[in-house]
>>> print(open('run-v9.pdb').read())   # PDB, C-alpha atoms
ATOM      1  CA  MET A   1     -10.094  21.145   5.086
ATOM      2  CA  LYS A   2     -11.640  20.519   8.473
ATOM      3  CA  PRO A   3      -9.411  18.902  11.117
ATOM      4  CA  LEU A   4      -9.659  15.127  11.310
ATOM      5  CA  THR A   5      -9.111  12.771  14.213
ATOM      6  CA  GLU A   6      -7.079   9.584  14.001
ATOM      7  CA  GLN A   7     -10.294   7.530  14.088
ATOM      8  CA  GLU A   8     -11.868   9.557  11.254
ATOM      9  CA  ILE A   9      -8.712   9.046   9.203
ATOM     10  CA  ARG A  10      -8.631   5.292   9.787
ATOM     11  CA  THR A  11     -12.291   4.807   8.822
ATOM     12  CA  ALA A  12     -11.926   6.967   5.669
ATOM     13  CA  PHE A  13      -9.851   4.492   3.628
ATOM     14  CA  VAL A  14     -11.657   3.064   0.606
ATOM     15  CA  ASN A  15      -8.958   0.893  -0.976
ATOM     16  CA  CYS A  16      -7.630  -1.238   1.857
ATOM     17  CA  THR A  17      -9.044  -3.607   4.441
ATOM     18  CA  LYS A  18     -10.189  -2.458   7.878
ATOM     19  CA  GLY A  19      -7.241  -4.355   9.357
ATOM     20  CA  GLU A  20      -4.760  -2.548   7.098
ATOM     21  CA  ALA A  21      -6.353   0.800   7.974
ATOM     22  CA  LYS A  22      -6.117  -0.056  11.674
ATOM     23  CA  ARG A  23      -2.391  -0.844  11.381
ATOM     24  CA  LEU A  24      -1.257   2.058   9.191
ATOM     25  CA  ALA A  25       0.960   4.770  10.686
ATOM     26  CA  VAL A  26      -1.114   7.934  11.185
ATOM     27  CA  PRO A  27       0.812  11.195  11.737
ATOM     28  CA  ARG A  28       1.115  12.088  15.419
ATOM     29  CA  ASP A  29       1.084  15.854  14.788
ATOM     30  CA  LEU A  30      -2.562  16.136  13.701
ATOM     31  CA  ALA A  31      -3.303  18.847  16.289
ATOM     32  CA  GLU A  32      -0.411  21.007  15.015
ATOM     33  CA  ARG A  33      -1.336  20.813  11.326
ATOM     34  CA  CYS A  34      -2.522  24.001   9.643
ATOM     35  CA  TRP A  35      -5.725  22.444   8.311
ATOM     36  CA  ASP A  36      -6.881  25.686   6.653
ATOM     37  CA  ASP A  37      -3.980  25.381   4.182
ATOM     38  CA  LEU A  38      -4.702  21.746   3.286
ATOM     39  CA  ASP A  39      -6.865  20.392   0.493
ATOM     40  CA  PHE A  40      -5.864  16.906   1.618
ATOM     41  CA  LEU A  41      -3.748  15.359   4.334
ATOM     42  CA  GLY A  42      -0.898  13.403   2.788
ATOM     43  CA  TRP A  43       1.967  11.549   4.459
ATOM     44  CA  ARG A  44       4.490   8.772   3.985
ATOM     45  CA  ASP A  45       4.872   5.798   6.282
ATOM     46  CA  PRO A  46       8.091   6.352   8.277
ATOM     47  CA  GLN A  47       8.652   2.584   8.523
ATOM     48  CA  ALA A  48       8.089   1.951   4.794
ATOM     49  CA  PRO A  49       9.021   4.964   2.610
ATOM     50  CA  ASP A  50       7.409   3.427  -0.490
ATOM     51  CA  ARG A  51       4.012   3.587   1.261
ATOM     52  CA  ALA A  52       2.010   6.801   1.336
ATOM     53  CA  TYR A  53      -1.485   7.824   2.334
ATOM     54  CA  LEU A  54      -3.840  10.681   1.658
ATOM     55  CA  VAL A  55      -7.182  11.707   3.094
ATOM     56  CA  THR A  56      -9.441  14.414   1.694
ATOM     57  CA  GLU A  57     -13.053  15.493   1.926
ATOM     58  CA  LEU A  58     -15.445  14.539  -0.872
ATOM     59  CA  ASP A  59     -19.137  15.323  -0.620
ATOM     60  CA  GLY A  60     -18.698  16.298   3.036
ATOM     61  CA  ARG A  61     -17.061  13.074   4.196
ATOM     62  CA  PRO A  62     -13.431  12.005   4.500
ATOM     63  CA  VAL A  63     -12.069   9.649   1.843
ATOM     64  CA  GLY A  64      -8.658   8.034   2.209
ATOM     65  CA  LEU A  65      -6.347   6.262  -0.213
ATOM     66  CA  GLN A  66      -3.479   3.907   0.401
ATOM     67  CA  LEU A  67      -0.673   4.552  -2.124
ATOM     68  CA  ARG A  68       2.607   3.004  -3.197
ATOM     69  CA  SER A  69       5.319   5.117  -4.744
ATOM     70  CA  SER A  70       7.752   4.018  -7.373
ATOM     71  CA  GLY A  71      11.296   3.195  -6.369
ATOM     72  CA  ALA A  72      14.208   5.573  -6.822
ATOM     73  CA  GLY A  73      15.691   5.722 -10.270
ATOM     74  CA  SER A  74      17.620   7.915 -12.682
ATOM     75  CA  TRP A  75      14.347   9.508 -13.845
ATOM     76  CA  GLN A  76      14.113  11.269 -10.466
ATOM     77  CA  THR A  77      16.793  13.769 -11.492
ATOM     78  CA  ARG A  78      14.614  14.995 -14.357
ATOM     79  CA  ARG A  79      12.166  17.852 -14.115
ATOM     80  CA  SER A  80       8.650  16.498 -13.778
ATOM     81  CA  MET A  81       5.233  18.008 -13.177
ATOM     82  CA  CYS A  82       2.776  16.938 -10.515
ATOM     83  CA  SER A  83      -0.531  16.000 -12.138
ATOM     84  CA  VAL A  84      -2.482  17.161  -9.087
ATOM     85  CA  CYS A  85      -1.119  20.644  -8.307
ATOM     86  CA  VAL A  86       0.824  21.387 -11.535
ATOM     87  CA  THR A  87       4.075  22.081  -9.667
ATOM     88  CA  ILE A  88       7.355  21.293 -11.442
ATOM     89  CA  HIS A  89      10.087  19.560  -9.441
ATOM     90  CA  THR A  90      13.546  18.233 -10.146
ATOM     91  CA  GLY A  91      13.327  14.770  -8.652
ATOM     92  CA  GLY A  92      10.326  15.657  -6.482
ATOM     93  CA  VAL A  93       7.550  13.884  -8.393
ATOM     94  CA  SER A  94       6.730  10.197  -7.928
ATOM     95  CA  LEU A  95       4.340   7.806  -9.564
ATOM     96  CA  MET A  96       1.801   7.098  -6.823
ATOM     97  CA  VAL A  97      -0.173   3.921  -7.410
ATOM     98  CA  ALA A  98      -3.412   3.159  -5.581
ATOM     99  CA  PRO A  99      -5.100  -0.223  -5.547
ATOM    100  CA  ARG A 100      -8.642   0.138  -6.865
ATOM    101  CA  SER A 101     -11.395  -0.265  -4.311
ATOM    102  CA  GLY A 102     -13.632  -3.308  -4.108
ATOM    103  CA  LYS A 103     -13.358  -6.427  -6.208
ATOM    104  CA  ALA A 104     -11.124  -4.753  -8.824
ATOM    105  CA  GLY A 105      -8.524  -3.987  -6.156
ATOM    106  CA  GLN A 106      -8.720  -7.527  -4.795
ATOM    107  CA  GLN A 107      -7.901  -8.731  -8.304
ATOM    108  CA  GLY A 108      -4.777  -6.550  -8.329
ATOM    109  CA  ASN A 109      -6.026  -3.637 -10.442
ATOM    110  CA  SER A 110      -4.570  -0.235  -9.654
ATOM    111  CA  VAL A 111      -4.526   3.373 -10.837
ATOM    112  CA  GLY A 112      -1.544   5.721 -10.857
ATOM    113  CA  VAL A 113      -0.888   9.454 -10.840
ATOM    114  CA  TYR A 114       2.303  11.516 -10.908
ATOM    115  CA  MET A 115       2.280  13.503  -7.690
ATOM    116  CA  CYS A 116       4.568  15.578  -5.461
ATOM    117  CA  SER A 117       6.734  13.041  -3.629
ATOM    118  CA  ASP A 118       6.231  14.815  -0.301
ATOM    119  CA  LEU A 119       2.436  15.032  -0.826
ATOM    120  CA  ALA A 120       2.550  18.775  -0.080
ATOM    121  CA  CYS A 121       0.549  19.876  -3.138
ATOM    122  CA  SER A 122      -1.678  22.169  -1.060
ATOM    123  CA  LEU A 123       1.349  24.053   0.285
ATOM    124  CA  TYR A 124       2.975  24.449  -3.143
ATOM    125  CA  VAL A 125      -0.251  25.855  -4.627
ATOM    126  CA  ARG A 126      -0.558  28.392  -1.804
ATOM    127  CA  GLY A 127       3.114  29.395  -1.927
ATOM    128  CA  LYS A 128       3.713  28.096   1.620
ATOM    129  CA  LYS A 129       6.385  25.705   0.344
ATOM    130  CA  ASP A 130       8.933  26.512  -2.358
ATOM    131  CA  ALA A 131       9.550  24.064  -5.199
ATOM    132  CA  GLY A 132      12.618  25.993  -6.356
ATOM    133  CA  VAL A 133      13.320  28.030  -9.459
ATOM    134  CA  GLY A 134      10.681  27.386 -12.116
ATOM    135  CA  GLY A 135       8.607  25.266  -9.751
ATOM    136  CA  ARG A 136       5.418  27.209 -10.292
ATOM    137  CA  LEU A 137       4.307  28.198 -13.764
ATOM    138  CA  GLN A 138       3.334  31.800 -14.410
ATOM    139  CA  GLU A 139      -0.467  31.632 -14.587
ATOM    140  CA  SER A 140      -3.309  34.109 -14.752
ATOM    141  CA  LEU A 141      -5.461  31.965 -12.434
ATOM    142  CA  THR A 142      -6.382  33.248  -8.997
ATOM    143  CA  LEU A 143      -5.361  31.308  -5.908
ATOM    144  CA  GLU A 144      -8.946  30.075  -5.540
ATOM    145  CA  GLU A 145      -8.907  28.787  -9.126
ATOM    146  CA  LYS A 146      -5.575  27.006  -8.572
ATOM    147  CA  VAL A 147      -6.916  25.427  -5.387
ATOM    148  CA  GLY A 148     -10.084  24.419  -7.254
ATOM    149  CA  ARG A 149      -8.014  22.797 -10.007
ATOM    150  CA  THR A 150      -5.960  20.876  -7.428
ATOM    151  CA  VAL A 151      -9.110  19.635  -5.677
ATOM    152  CA  ALA A 152     -10.695  18.666  -9.030
ATOM    153  CA  ASN A 153      -7.556  16.780 -10.146
ATOM    154  CA  LEU A 154      -7.444  14.864  -6.867
ATOM    155  CA  ALA A 155     -11.180  14.122  -7.047
ATOM    156  CA  ALA A 156     -10.728  12.761 -10.578
ATOM    157  CA  PHE A 157      -7.968  10.436  -9.356
ATOM    158  CA  ILE A 158     -10.123   9.238  -6.442
ATOM    159  CA  ALA A 159     -13.011   8.631  -8.857
ATOM    160  CA  LYS A 160     -10.758   6.342 -10.925
ATOM    161  CA  VAL A 161      -9.742   4.431  -7.785
ATOM    162  CA  THR A 162     -13.321   3.975  -6.614
ATOM    163  CA  ALA A 163     -14.932   3.325 -10.032
TER     164      ALA A 163
END
>>> encode(input="run-v9.pdb", output="structure tokens")
Amino acid sequence: MKPLTEQEIRTAFVNCTKGEAKRLAVPRDLAERCWDDLDFLGWRDPQAPDRAYLVTELDGRPVGLQLRSSGAGSWQTRRSMCSVCVTIHTGGVSLMVAPRSGKAGQQGNSVGVYMCSDLACSLYVRGKKDAGVGGRLQESLTLEEKVGRTVANLAAFIAKVTA
């Protein structure tokens, strides 16, 4: 992923108002991020842990989503699989819900996906972050194929949000 500026990130959001995008908490460590290892930039709002955001590149332009995560519950101690990167976590997967863009979102419609709670899918796929014993399935896919699957899964989710 190419490095993004705070302004590029704020203008990338497709499922919130310009005012909401202007007020959201953008990470302050953008210059220190290892952008080459990222398929998308994902982060949680430090002031509101149930809010999360992600920005990725689709068709050469940044696209951002505002997300809400489900609250803590007993299900978080179970082993679950991220639908984006296919990493298995014990308590590390959350239902991330995105309001749909446009009129559908204004009417309250949303789309959800089970995703790594820390939004570090790119790092799990590349082995830069450890999900623990049994976190990564034994696969015959190459790293490029795993990255491609992660990007395709995320693109499919974004397509549902923007449809």
>>> resolve_selection(input="run-v9.pdb", expression="the PyMOL selection byres ((chain A and resi 158) around 12)", output="ChimeraX atom specification")
/A:13-15,40,54-58,62-67,84,97-101,110-113,151-157,159-163
>>> resolve_selection(input="run-v9.pdb", expression="the PyMOL selection byres ((chain A and resi 114) around 6)", output="JSON list (two decimals) with C-alpha atoms, in the coordinates of the input")
[["chain", "number", "residue", "atom", "x", "y", "z"],
["A", 82, "CYS", "CA", 2.78, 16.94, -10.52],
["A", 83, "SER", "CA", -0.53, 16.00, -12.14],
["A", 94, "SER", "CA", 6.73, 10.20, -7.93],
["A", 95, "LEU", "CA", 4.34, 7.81, -9.56],
["A", 113, "VAL", "CA", -0.89, 9.45, -10.84],
["A", 115, "MET", "CA", 2.28, 13.50, -7.69]]
>>> resolve_selection(input="run-v9.pdb", expression="the PyMOL selection byres ((chain A and resi 118-127) around 8)", output="PyMOL selection string")
chain A and resi 37-40+42-44+84-85+87+92+115-117+128-131+143+146-147+150
>>> residues_around(input="run-v9.pdb", residues="Asp50 (chain A)", least_positions_apart="2", cutoff="8 Å", atoms="all atoms listed in the file", output="mmCIF file with C-alpha atoms, in the coordinates of the input")
data_model
loop_
_atom_site.group_PDB
_atom_site.id
_atom_site.type_symbol
_atom_site.label_atom_id
_atom_site.label_comp_id
_atom_site.auth_asym_id
_atom_site.auth_seq_id
_atom_site.Cartn_x
_atom_site.Cartn_y
_atom_site.Cartn_z
ATOM 1 C CA ARG A 44 4.490 8.772 3.985
ATOM 2 C CA ASP A 45 4.872 5.798 6.282
ATOM 3 C CA ALA A 48 8.089 1.951 4.794
ATOM 4 C CA ALA A 52 2.010 6.801 1.336
ATOM 5 C CA ARG A 68 2.607 3.004 -3.197
ATOM 6 C CA SER A 69 5.319 5.117 -4.744
ATOM 7 C CA SER A 70 7.752 4.018 -7.373
ATOM 8 C CA GLY A 71 11.296 3.195 -6.369
#
>>> closest_residue(input="run-v9.pdb", among="A:Arg78, A:Arg51, A:Arg23, A:His89", to="Glu6 (chain A)", atoms="all atoms listed in the file")
A:Arg23
>>> closest_residue(input="run-v9.pdb", among="A:Val93, A:Glu144, A:Arg28, A:Gln107", to="Thr5 (chain A)", atoms="only C-alpha atoms")
A:Arg28
>>> closest_residue(input="run-v9.pdb", among="A:Cys16, A:Leu41, A:Pro46, A:Thr90", to="Lys103 (chain A)", atoms="all atoms listed in the file")
A:Cys16
>>> atom_distance(input="run-v9.pdb", atom1="CA of Ala104 (chain A)", atom2="CA of Pro49 (chain A)")
25.1 Å
>>> atom_distance(input="run-v9.pdb", atom1="CA of Met1 (chain A)", atom2="CA of Gly60 (chain A)")
10.1 Å
>>> closest_residue(input="run-v9.pdb", among="A:Gln47, A:Ala12, A:Leu4, A:Lys18", to="Trp35 (chain A)", atoms="only C-alpha atoms")
A:Leu4
>>> atom_distance(input="run-v9.pdb", atom1="CA of Cys34 (chain A)", atom2="CA of Pro3 (chain A)")
8.7 Å
>>> closest_residue(input="run-v9.pdb", among="A:Thr142, A:Glu8, A:Tyr53, A:Leu137", to="Ala25 (chain A)", atoms="only C-alpha atoms")
A:Tyr53
>>> closest_residue(input="run-v9.pdb", among="A:Gly108, A:Met96, A:Asp36, A:Arg79", to="Gly132 (chain A)", atoms="all atoms listed in the file")
A:Arg79
